[in-house]
Amino acid sequence: MTPIFANSAAVPAPEATILRHGRWRRVPLCVRYGLIRHPQQGPVLIDTGYTHHSLAGPGRSVGLRLYSRLLSPHLIAAGQPEAFLARHGLEPRDIRHIIVTHYHADHISGLGLFPQARFLANGAAFARIMARSGWQNLRHGVFPELLPHGFADRLDPAESCPTVQVPNLPPGRDLFGDGTVVAIDLPGHADGHFGLAFPKAACPFLYGVDTQWLGAALDPARSPIWPARLIAEMPGSLTPSTAILRRFRDAGGDVMLCHDPHPHSLDDVS
Ligand SMILES: [Zn+2]
């Protein structure tokens with residue numbers, strides 16, 4: 001079982017801010033999210049990407065408006081969840097599970113599109129977000145207003161799933177109890193941030209989400225120092241989390257990052 005990924009938006013970012021020794025030219029970062037066709041659970045989404053809810057939804061807070069203007073994402077119509085799912089014969093109401101890798105706006109923006117879904121995410125991180133002030137959340141790019149009504153009741157904490165060992169990775173959480181999708185804690189970027197390993201895929205695959213922005217930054221000599229570390233929730237954990245991805249890749253595994261603009265074999269091209 002292997003996921004496929006859509007690209008919901010292009011976000012221009014100066015390469016030098018996300019890659020040590022990078023150039024100051026702007027690179028169009030992707031905002032990927034994924035679809036799994038699980039034999040028992042049915043279609044499962046991995047995050048939702050950027051959607052109009054972040055950019056034009058009614059009643060948005062001043063903080064969210066400022067954040068969106070700062071990043072100025074360009075939404076890609078064909079990569080929005082409704083269009084992506086339709087290409088695969090699905091509607092939003094078909095989605096019963098969404099894996100939320102972390103609570104940044106570009107990962108949770110479209111959760112409100114899925115009234116039938118339950119959410120597999122870090123429950124402890126959610127509790128901390130709810131206990132923080134709006135300013136503290138804004139500083140880390142978290143906007144609880146994007147979480148759908150009743151999120152807490154539909155949340156299945158990933159950390160409650162059984163622990164399982166995956167080759168060439170630290171122990172993770174077996175999200176569906178069959179070893180197909182394993183959440184691997186990758187602290188640093190955001191509170192509760194985890195990646196997803198697919199040990200039963202034809203080629204062992206790890207979705208490293210936002211551990212780094214660019215694949216080139218997995219090289220320790222090119223991991224960014226500033227300002228990427230400034231906006232990280234736990235900057236001291238970025239280096240060890242990046243090393244987890246690098247070791248997996250060096251052992252022959254396939255690693256994808258959410259924002260790397262280089263095409264990947266698991267990108268949806270239909
Ligand atoms: Zn993020």
# chains A, B, ... in the order shown; residues from 1 in each chain; ligands from 1
$ residues_near_ligand --ligand "ligand 1" --cutoff "8 Å" --atoms "only C-alpha atoms and all ligand atoms" --output "PyMOL selection string"
chain A and resi 102-107+141+189-190+193+209-210
$ select_by_dssp --residues "stretch 32-268 of chain A" --states "helix (DSSP H, G or I)" --output "ChimeraX atom specification"
/A:52-55,62-71,77-79,81-87,92-94,105-108,111-113,123-131,134-139,144-146,152-154,158-160,215-218,228-231,235-250
$ residues_around --residues "stretch 253-266 of chain A" --least-positions-apart "4" --cutoff "8 Å" --atoms "only C-alpha atoms" --output "PyMOL selection string"
chain A and resi 3-5+27-33+203-215+245+248-249
$ residues_around --residues "stretch 20-22 of chain A" --least-positions-apart "5" --cutoff "12 Å" --atoms "only C-alpha atoms" --output "list in words"
Ala13, Pro14, Glu15, Val27, Gln212, Trp213, Leu214, Ala216, Ala217, Leu218, Asp219, Pro220, Ala221, Arg222, Ser223, Pro224, Ile225, Trp226, Pro227, Ala228 and Arg229 of chain A
$ residues_around --residues "A:His53" --least-positions-apart "3" --cutoff "7 Å" --atoms "only C-alpha atoms" --output "compact mmCIF listing (two decimals) with N, CA and C atoms, in the first residue's frame"
# COMPACT_ATOMS: atom_id res chain seq x y z
N ALA A 56 -9.61 32.96 2.42
CA ALA A 56 -10.76 33.81 2.10
C ALA A 56 -11.99 33.47 2.93
N GLY A 57 -11.85 32.61 3.91
CA GLY A 57 -13.01 32.22 4.70
C GLY A 57 -13.57 33.40 5.48
N SER A 109 -5.99 23.22 7.00
CA SER A 109 -6.88 24.24 6.44
C SER A 109 -8.22 23.70 5.97
N GLY A 110 -8.21 22.51 5.35
CA GLY A 110 -9.44 21.98 4.76
C GLY A 110 -10.16 20.94 5.60
$ residues_around --residues "stretch 199-201 of chain A" --least-positions-apart "3" --cutoff "8 Å" --atoms "only C-alpha atoms" --output "list in words"
Met1, Thr2, Val166, Pro167, Gly179, Thr180, Val181, Val182, Pro204 and Phe205 of chain A
$ closest_atom_pairs --of "stretch 149-195 of chain A" --to "stretch 112-123 of chain A" --cutoff "7 Å" --atoms "only C-alpha atoms" --output "JSON lines"
{"residue": "A:Arg154", "atom": "CA", "partner": "A:Arg118", "partner_atom": "CA", "distance": 4.8}
{"residue": "A:Leu155", "atom": "CA", "partner": "A:Phe119", "partner_atom": "CA", "distance": 4.8}
{"residue": "A:Asp156", "atom": "CA", "partner": "A:Leu120", "partner_atom": "CA", "distance": 4.9}
{"residue": "A:Pro157", "atom": "CA", "partner": "A:Gly123", "partner_atom": "CA", "distance": 4.5}
{"residue": "A:Ala158", "atom": "CA", "partner": "A:Ala121", "partner_atom": "CA", "distance": 5.2}
{"residue": "A:Glu159", "atom": "CA", "partner": "A:Asn122", "partner_atom": "CA", "distance": 6.3}
{"residue": "A:Gly192", "atom": "CA", "partner": "A:Asn122", "partner_atom": "CA", "distance": 5.3}
$ write_last_selection --atoms "all heavy atoms" --output "PDB file, in the first residue's frame"
ATOM      1  N   ARG A 154     -13.829  14.150  17.760  1.00  0.00           N
ATOM      2  CA  ARG A 154     -13.513  13.288  16.601  1.00  0.00           C
ATOM      3  C   ARG A 154     -12.023  12.962  16.527  1.00  0.00           C
ATOM      4  O   ARG A 154     -11.563  12.414  15.528  1.00  0.00           O
ATOM      5  CB  ARG A 154     -13.968  13.994  15.309  1.00  0.00           C
ATOM      6  CG  ARG A 154     -15.489  14.163  15.249  1.00  0.00           C
ATOM      7  CD  ARG A 154     -15.885  15.313  14.329  1.00  0.00           C
ATOM      8  NE  ARG A 154     -15.509  15.069  12.947  1.00  0.00           N
ATOM      9  CZ  ARG A 154     -15.538  15.993  11.986  1.00  0.00           C
ATOM     10  NH1 ARG A 154     -15.937  17.238  12.291  1.00  0.00           N
ATOM     11  NH2 ARG A 154     -15.196  15.693  10.750  1.00  0.00           N
ATOM     12  N   LEU A 155     -11.304  13.314  17.591  1.00  0.00           N
ATOM     13  CA  LEU A 155      -9.853  13.110  17.615  1.00  0.00           C
ATOM     14  C   LEU A 155      -9.509  11.744  18.215  1.00  0.00           C
ATOM     15  O   LEU A 155      -9.954  11.408  19.319  1.00  0.00           O
ATOM     16  CB  LEU A 155      -9.199  14.224  18.442  1.00  0.00           C
ATOM     17  CG  LEU A 155      -7.696  14.103  18.706  1.00  0.00           C
ATOM     18  CD1 LEU A 155      -6.905  14.123  17.417  1.00  0.00           C
ATOM     19  CD2 LEU A 155      -7.237  15.229  19.632  1.00  0.00           C
ATOM     20  N   ASP A 156      -8.720  10.964  17.473  1.00  0.00           N
ATOM     21  CA  ASP A 156      -8.163   9.711  17.979  1.00  0.00           C
ATOM     22  C   ASP A 156      -6.663   9.933  18.157  1.00  0.00           C
ATOM     23  O   ASP A 156      -5.933  10.031  17.161  1.00  0.00           O
ATOM     24  CB  ASP A 156      -8.409   8.559  16.988  1.00  0.00           C
ATOM     25  CG  ASP A 156      -9.893   8.286  16.800  1.00  0.00           C
ATOM     26  OD1 ASP A 156     -10.618   8.281  17.808  1.00  0.00           O
ATOM     27  OD2 ASP A 156     -10.327   8.091  15.646  1.00  0.00           O
ATOM     28  N   PRO A 157      -6.196  10.033  19.411  1.00  0.00           N
ATOM     29  CA  PRO A 157      -4.775  10.366  19.614  1.00  0.00           C
ATOM     30  C   PRO A 157      -3.843   9.304  19.032  1.00  0.00           C
ATOM     31  O   PRO A 157      -3.953   8.116  19.368  1.00  0.00           O
ATOM     32  CB  PRO A 157      -4.643  10.432  21.141  1.00  0.00           C
ATOM     33  CG  PRO A 157      -6.043  10.657  21.641  1.00  0.00           C
ATOM     34  CD  PRO A 157      -6.938   9.934  20.679  1.00  0.00           C
ATOM     35  N   ALA A 158      -2.943   9.739  18.184  1.00  0.00           N
ATOM     36  CA  ALA A 158      -2.010   8.797  17.553  1.00  0.00           C
ATOM     37  C   ALA A 158      -1.137   8.114  18.594  1.00  0.00           C
ATOM     38  O   ALA A 158      -0.751   6.948  18.431  1.00  0.00           O
ATOM     39  CB  ALA A 158      -1.145   9.543  16.533  1.00  0.00           C
ATOM     40  N   GLU A 159      -0.831   8.860  19.683  1.00  0.00           N
ATOM     41  CA  GLU A 159       0.061   8.287  20.693  1.00  0.00           C
ATOM     42  C   GLU A 159      -0.612   7.160  21.479  1.00  0.00           C
ATOM     43  O   GLU A 159       0.044   6.481  22.264  1.00  0.00           O
ATOM     44  CB  GLU A 159       0.584   9.385  21.632  1.00  0.00           C
ATOM     45  CG  GLU A 159      -0.468  10.107  22.443  1.00  0.00           C
ATOM     46  CD  GLU A 159      -0.978  11.378  21.779  1.00  0.00           C
ATOM     47  OE1 GLU A 159      -1.111  11.382  20.522  1.00  0.00           O
ATOM     48  OE2 GLU A 159      -1.269  12.351  22.504  1.00  0.00           O
ATOM     49  N   GLY A 192       3.970  18.138  18.287  1.00  0.00           N
ATOM     50  CA  GLY A 192       3.242  16.941  17.880  1.00  0.00           C
ATOM     51  C   GLY A 192       3.531  16.479  16.460  1.00  0.00           C
ATOM     52  O   GLY A 192       2.869  15.562  15.970  1.00  0.00           O
TER      53      GLY A 192
END
$ residues_around --residues "A:Ile46" --least-positions-apart "3" --cutoff "8 Å" --atoms "only C-alpha atoms" --output "list of chain:residue names"
A:Tyr33, A:Gly34, A:Leu35, A:Ile36, A:Ile98, A:Ile99, A:Val100, A:Thr101
$ write_last_selection --atoms "all heavy atoms" --output "JSON list (two decimals), in the first residue's frame"
[["chain", "number", "residue", "atom", "x", "y", "z"],
["A", 33, "TYR", "N", -0.36, 17.01, 0.24],
["A", 33, "TYR", "CA", -1.13, 16.20, 1.18],
["A", 33, "TYR", "C", -1.43, 14.90, 0.42],
["A", 33, "TYR", "O", -1.30, 14.83, -0.81],
["A", 33, "TYR", "CB", -2.41, 16.93, 1.64],
["A", 33, "TYR", "CG", -3.38, 17.22, 0.53],
["A", 33, "TYR", "CD1", -4.51, 16.41, 0.36],
["A", 33, "TYR", "CD2", -3.16, 18.25, -0.36],
["A", 33, "TYR", "CE1", -5.40, 16.65, -0.68],
["A", 33, "TYR", "CE2", -4.04, 18.50, -1.40],
["A", 33, "TYR", "CZ", -5.16, 17.70, -1.55],
["A", 33, "TYR", "OH", -6.03, 17.93, -2.58],
["A", 34, "GLY", "N", -1.81, 13.86, 1.16],
["A", 34, "GLY", "CA", -1.83, 12.55, 0.53],
["A", 34, "GLY", "C", -3.14, 11.80, 0.66],
["A", 34, "GLY", "O", -4.03, 12.17, 1.43],
["A", 35, "LEU", "N", -3.25, 10.76, -0.13],
["A", 35, "LEU", "CA", -4.40, 9.87, -0.12],
["A", 35, "LEU", "C", -3.90, 8.43, -0.05],
["A", 35, "LEU", "O", -3.05, 8.02, -0.85],
["A", 35, "LEU", "CB", -5.24, 10.06, -1.39],
["A", 35, "LEU", "CG", -6.38, 9.06, -1.64],
["A", 35, "LEU", "CD1", -7.47, 9.20, -0.58],
["A", 35, "LEU", "CD2", -6.99, 9.25, -3.05],
["A", 36, "ILE", "N", -4.44, 7.68, 0.89],
["A", 36, "ILE", "CA", -4.14, 6.26, 1.04],
["A", 36, "ILE", "C", -5.40, 5.49, 0.71],
["A", 36, "ILE", "O", -6.49, 5.87, 1.17],
["A", 36, "ILE", "CB", -3.74, 5.93, 2.50],
["A", 36, "ILE", "CG1", -2.58, 6.80, 2.98],
["A", 36, "ILE", "CG2", -3.41, 4.45, 2.66],
["A", 36, "ILE", "CD1", -2.38, 6.75, 4.50],
["A", 98, "ILE", "N", -8.71, 11.05, 8.65],
["A", 98, "ILE", "CA", -7.67, 11.97, 8.19],
["A", 98, "ILE", "C", -6.53, 11.93, 9.21],
["A", 98, "ILE", "O", -6.76, 12.13, 10.41],
["A", 98, "ILE", "CB", -8.19, 13.41, 8.05],
["A", 98, "ILE", "CG1", -9.36, 13.47, 7.06],
["A", 98, "ILE", "CG2", -7.07, 14.34, 7.58],
["A", 98, "ILE", "CD1", -9.96, 14.85, 6.87],
["A", 99, "ILE", "N", -5.35, 11.63, 8.71],
["A", 99, "ILE", "CA", -4.16, 11.68, 9.56],
["A", 99, "ILE", "C", -3.65, 13.11, 9.52],
["A", 99, "ILE", "O", -3.36, 13.66, 8.44],
["A", 99, "ILE", "CB", -3.07, 10.71, 9.04],
["A", 99, "ILE", "CG1", -3.61, 9.27, 9.02],
["A", 99, "ILE", "CG2", -1.82, 10.81, 9.90],
["A", 99, "ILE", "CD1", -2.71, 8.29, 8.26],
["A", 100, "VAL", "N", -3.57, 13.74, 10.69],
["A", 100, "VAL", "CA", -3.12, 15.14, 10.78],
["A", 100, "VAL", "C", -1.69, 15.11, 11.34],
["A", 100, "VAL", "O", -1.49, 14.84, 12.53],
["A", 100, "VAL", "CB", -4.05, 15.97, 11.68],
["A", 100, "VAL", "CG1", -3.58, 17.42, 11.75],
["A", 100, "VAL", "CG2", -5.49, 15.90, 11.17],
["A", 101, "THR", "N", -0.72, 15.39, 10.49],
["A", 101, "THR", "CA", 0.68, 15.24, 10.90],
["A", 101, "THR", "C", 1.11, 16.30, 11.90],
["A", 101, "THR", "O", 2.02, 16.08, 12.69],
["A", 101, "THR", "CB", 1.62, 15.30, 9.68],
["A", 101, "THR", "OG1", 1.46, 16.59, 9.04],
["A", 101, "THR", "CG2", 1.31, 14.18, 8.69]]
$ closest_residue --among "A:Asp191, A:Glu145, A:Asp47, A:Asp267" --to "A:Phe126" --atoms "only C-alpha atoms"
A:Asp191
$ closest_residue --among "A:Ile18, A:Leu138, A:Ala6, A:Ile95" --to "A:Leu75" --atoms "only C-alpha atoms"
A:Ala6
$ select_by_dssp --residues "stretch 134-226 of chain A" --states "strand (DSSP E or B)" --output "PyMOL selection string"
chain A and resi 142+155-157+163-164+172-174+182-185+194-198+205-207
$ closest_atom_pairs --of "stretch 18-50 of chain A" --to "stretch 171-177 of chain A" --cutoff "12 Å" --atoms "only C-alpha atoms" --output "tab-separated table"
residue	atom	partner	partner_atom	distance
A:Ile36	CA	A:Phe176	CA	12.0
A:His38	CA	A:Phe176	CA	9.3
A:Pro39	CA	A:Phe176	CA	10.8
A:Gln40	CA	A:Phe176	CA	9.1
A:Gln41	CA	A:Phe176	CA	8.1
A:Gly42	CA	A:Phe176	CA	11.3
A:Val44	CA	A:Phe176	CA	10.8
$ write_last_selection --atoms "all heavy atoms" --output "tab-separated table (two decimals), in the first residue's frame"
chain	number	residue	atom	x	y	z
A	36	ILE	N	-4.44	7.68	0.89
A	36	ILE	CA	-4.14	6.26	1.04
A	36	ILE	C	-5.40	5.49	0.71
A	36	ILE	O	-6.49	5.87	1.17
A	36	ILE	CB	-3.74	5.93	2.50
A	36	ILE	CG1	-2.58	6.80	2.98
A	36	ILE	CG2	-3.41	4.45	2.66
A	36	ILE	CD1	-2.38	6.75	4.50
A	38	HIS	N	-6.77	2.38	1.83
A	38	HIS	CA	-6.55	1.30	2.79
A	38	HIS	C	-7.60	0.21	2.60
A	38	HIS	O	-8.79	0.51	2.49
A	38	HIS	CB	-6.62	1.85	4.23
A	38	HIS	CG	-6.16	0.88	5.27
A	38	HIS	ND1	-6.96	-0.12	5.75
A	38	HIS	CD2	-4.97	0.75	5.89
A	38	HIS	CE1	-6.27	-0.82	6.64
A	38	HIS	NE2	-5.06	-0.31	6.74
A	39	PRO	N	-7.17	-1.06	2.56
A	39	PRO	CA	-8.13	-2.13	2.23
A	39	PRO	C	-9.27	-2.27	3.24
A	39	PRO	O	-10.38	-2.67	2.86
A	39	PRO	CB	-7.26	-3.39	2.20
A	39	PRO	CG	-5.96	-3.02	2.83
A	39	PRO	CD	-5.80	-1.54	2.68
A	40	GLN	N	-9.05	-1.93	4.48
A	40	GLN	CA	-10.13	-2.03	5.49
A	40	GLN	C	-10.72	-0.66	5.84
A	40	GLN	O	-11.94	-0.52	6.00
A	40	GLN	CB	-9.63	-2.69	6.78
A	40	GLN	CG	-9.56	-4.21	6.73
A	40	GLN	CD	-8.30	-4.68	6.02
A	40	GLN	OE1	-7.21	-4.16	6.25
A	40	GLN	NE2	-8.44	-5.66	5.13
A	41	GLN	N	-9.88	0.36	5.97
A	41	GLN	CA	-10.35	1.67	6.43
A	41	GLN	C	-10.92	2.52	5.30
A	41	GLN	O	-11.51	3.57	5.55
A	41	GLN	CB	-9.19	2.43	7.10
A	41	GLN	CG	-8.51	1.68	8.23
A	41	GLN	CD	-9.42	1.44	9.42
A	41	GLN	OE1	-10.41	2.15	9.60
A	41	GLN	NE2	-9.11	0.44	10.23
A	42	GLY	N	-10.72	2.09	4.07
A	42	GLY	CA	-11.19	2.88	2.94
A	42	GLY	C	-10.21	4.01	2.64
A	42	GLY	O	-9.05	3.97	3.06
A	44	VAL	N	-8.17	7.23	3.02
A	44	VAL	CA	-7.67	7.97	4.18
A	44	VAL	C	-6.85	9.15	3.66
A	44	VAL	O	-6.01	8.97	2.78
A	44	VAL	CB	-6.77	7.07	5.06
A	44	VAL	CG1	-6.17	7.87	6.22
A	44	VAL	CG2	-7.54	5.85	5.57
$ closest_residue --among "A:Arg69, A:His88, A:His74, A:Arg132" --to "A:Ser270" --atoms "only C-alpha atoms"
A:His88
$ closest_residue --among "A:Leu90, A:Ile129, A:Leu70, A:Val164" --to "A:Phe143" --atoms "only C-alpha atoms"
A:Ile129
$ atom_distance --atom1 "atom CA of A:Ser8" --atom2 "atom CA of A:Ile76"
5.3 Å
$ closest_residue --among "A:Ser160, A:Phe198, A:Ser133, A:His97" --to "A:Asp178" --atoms "only C-alpha atoms"
A:Phe198
$ atom_distance --atom1 "atom CA of A:Leu146" --atom2 "atom CA of A:Pro187"
22.3 Å
$ closest_residue --among "A:Tyr50, A:Ala232, A:Leu111, A:Ala16" --to "A:Arg93" --atoms "only C-alpha atoms"
A:Leu111
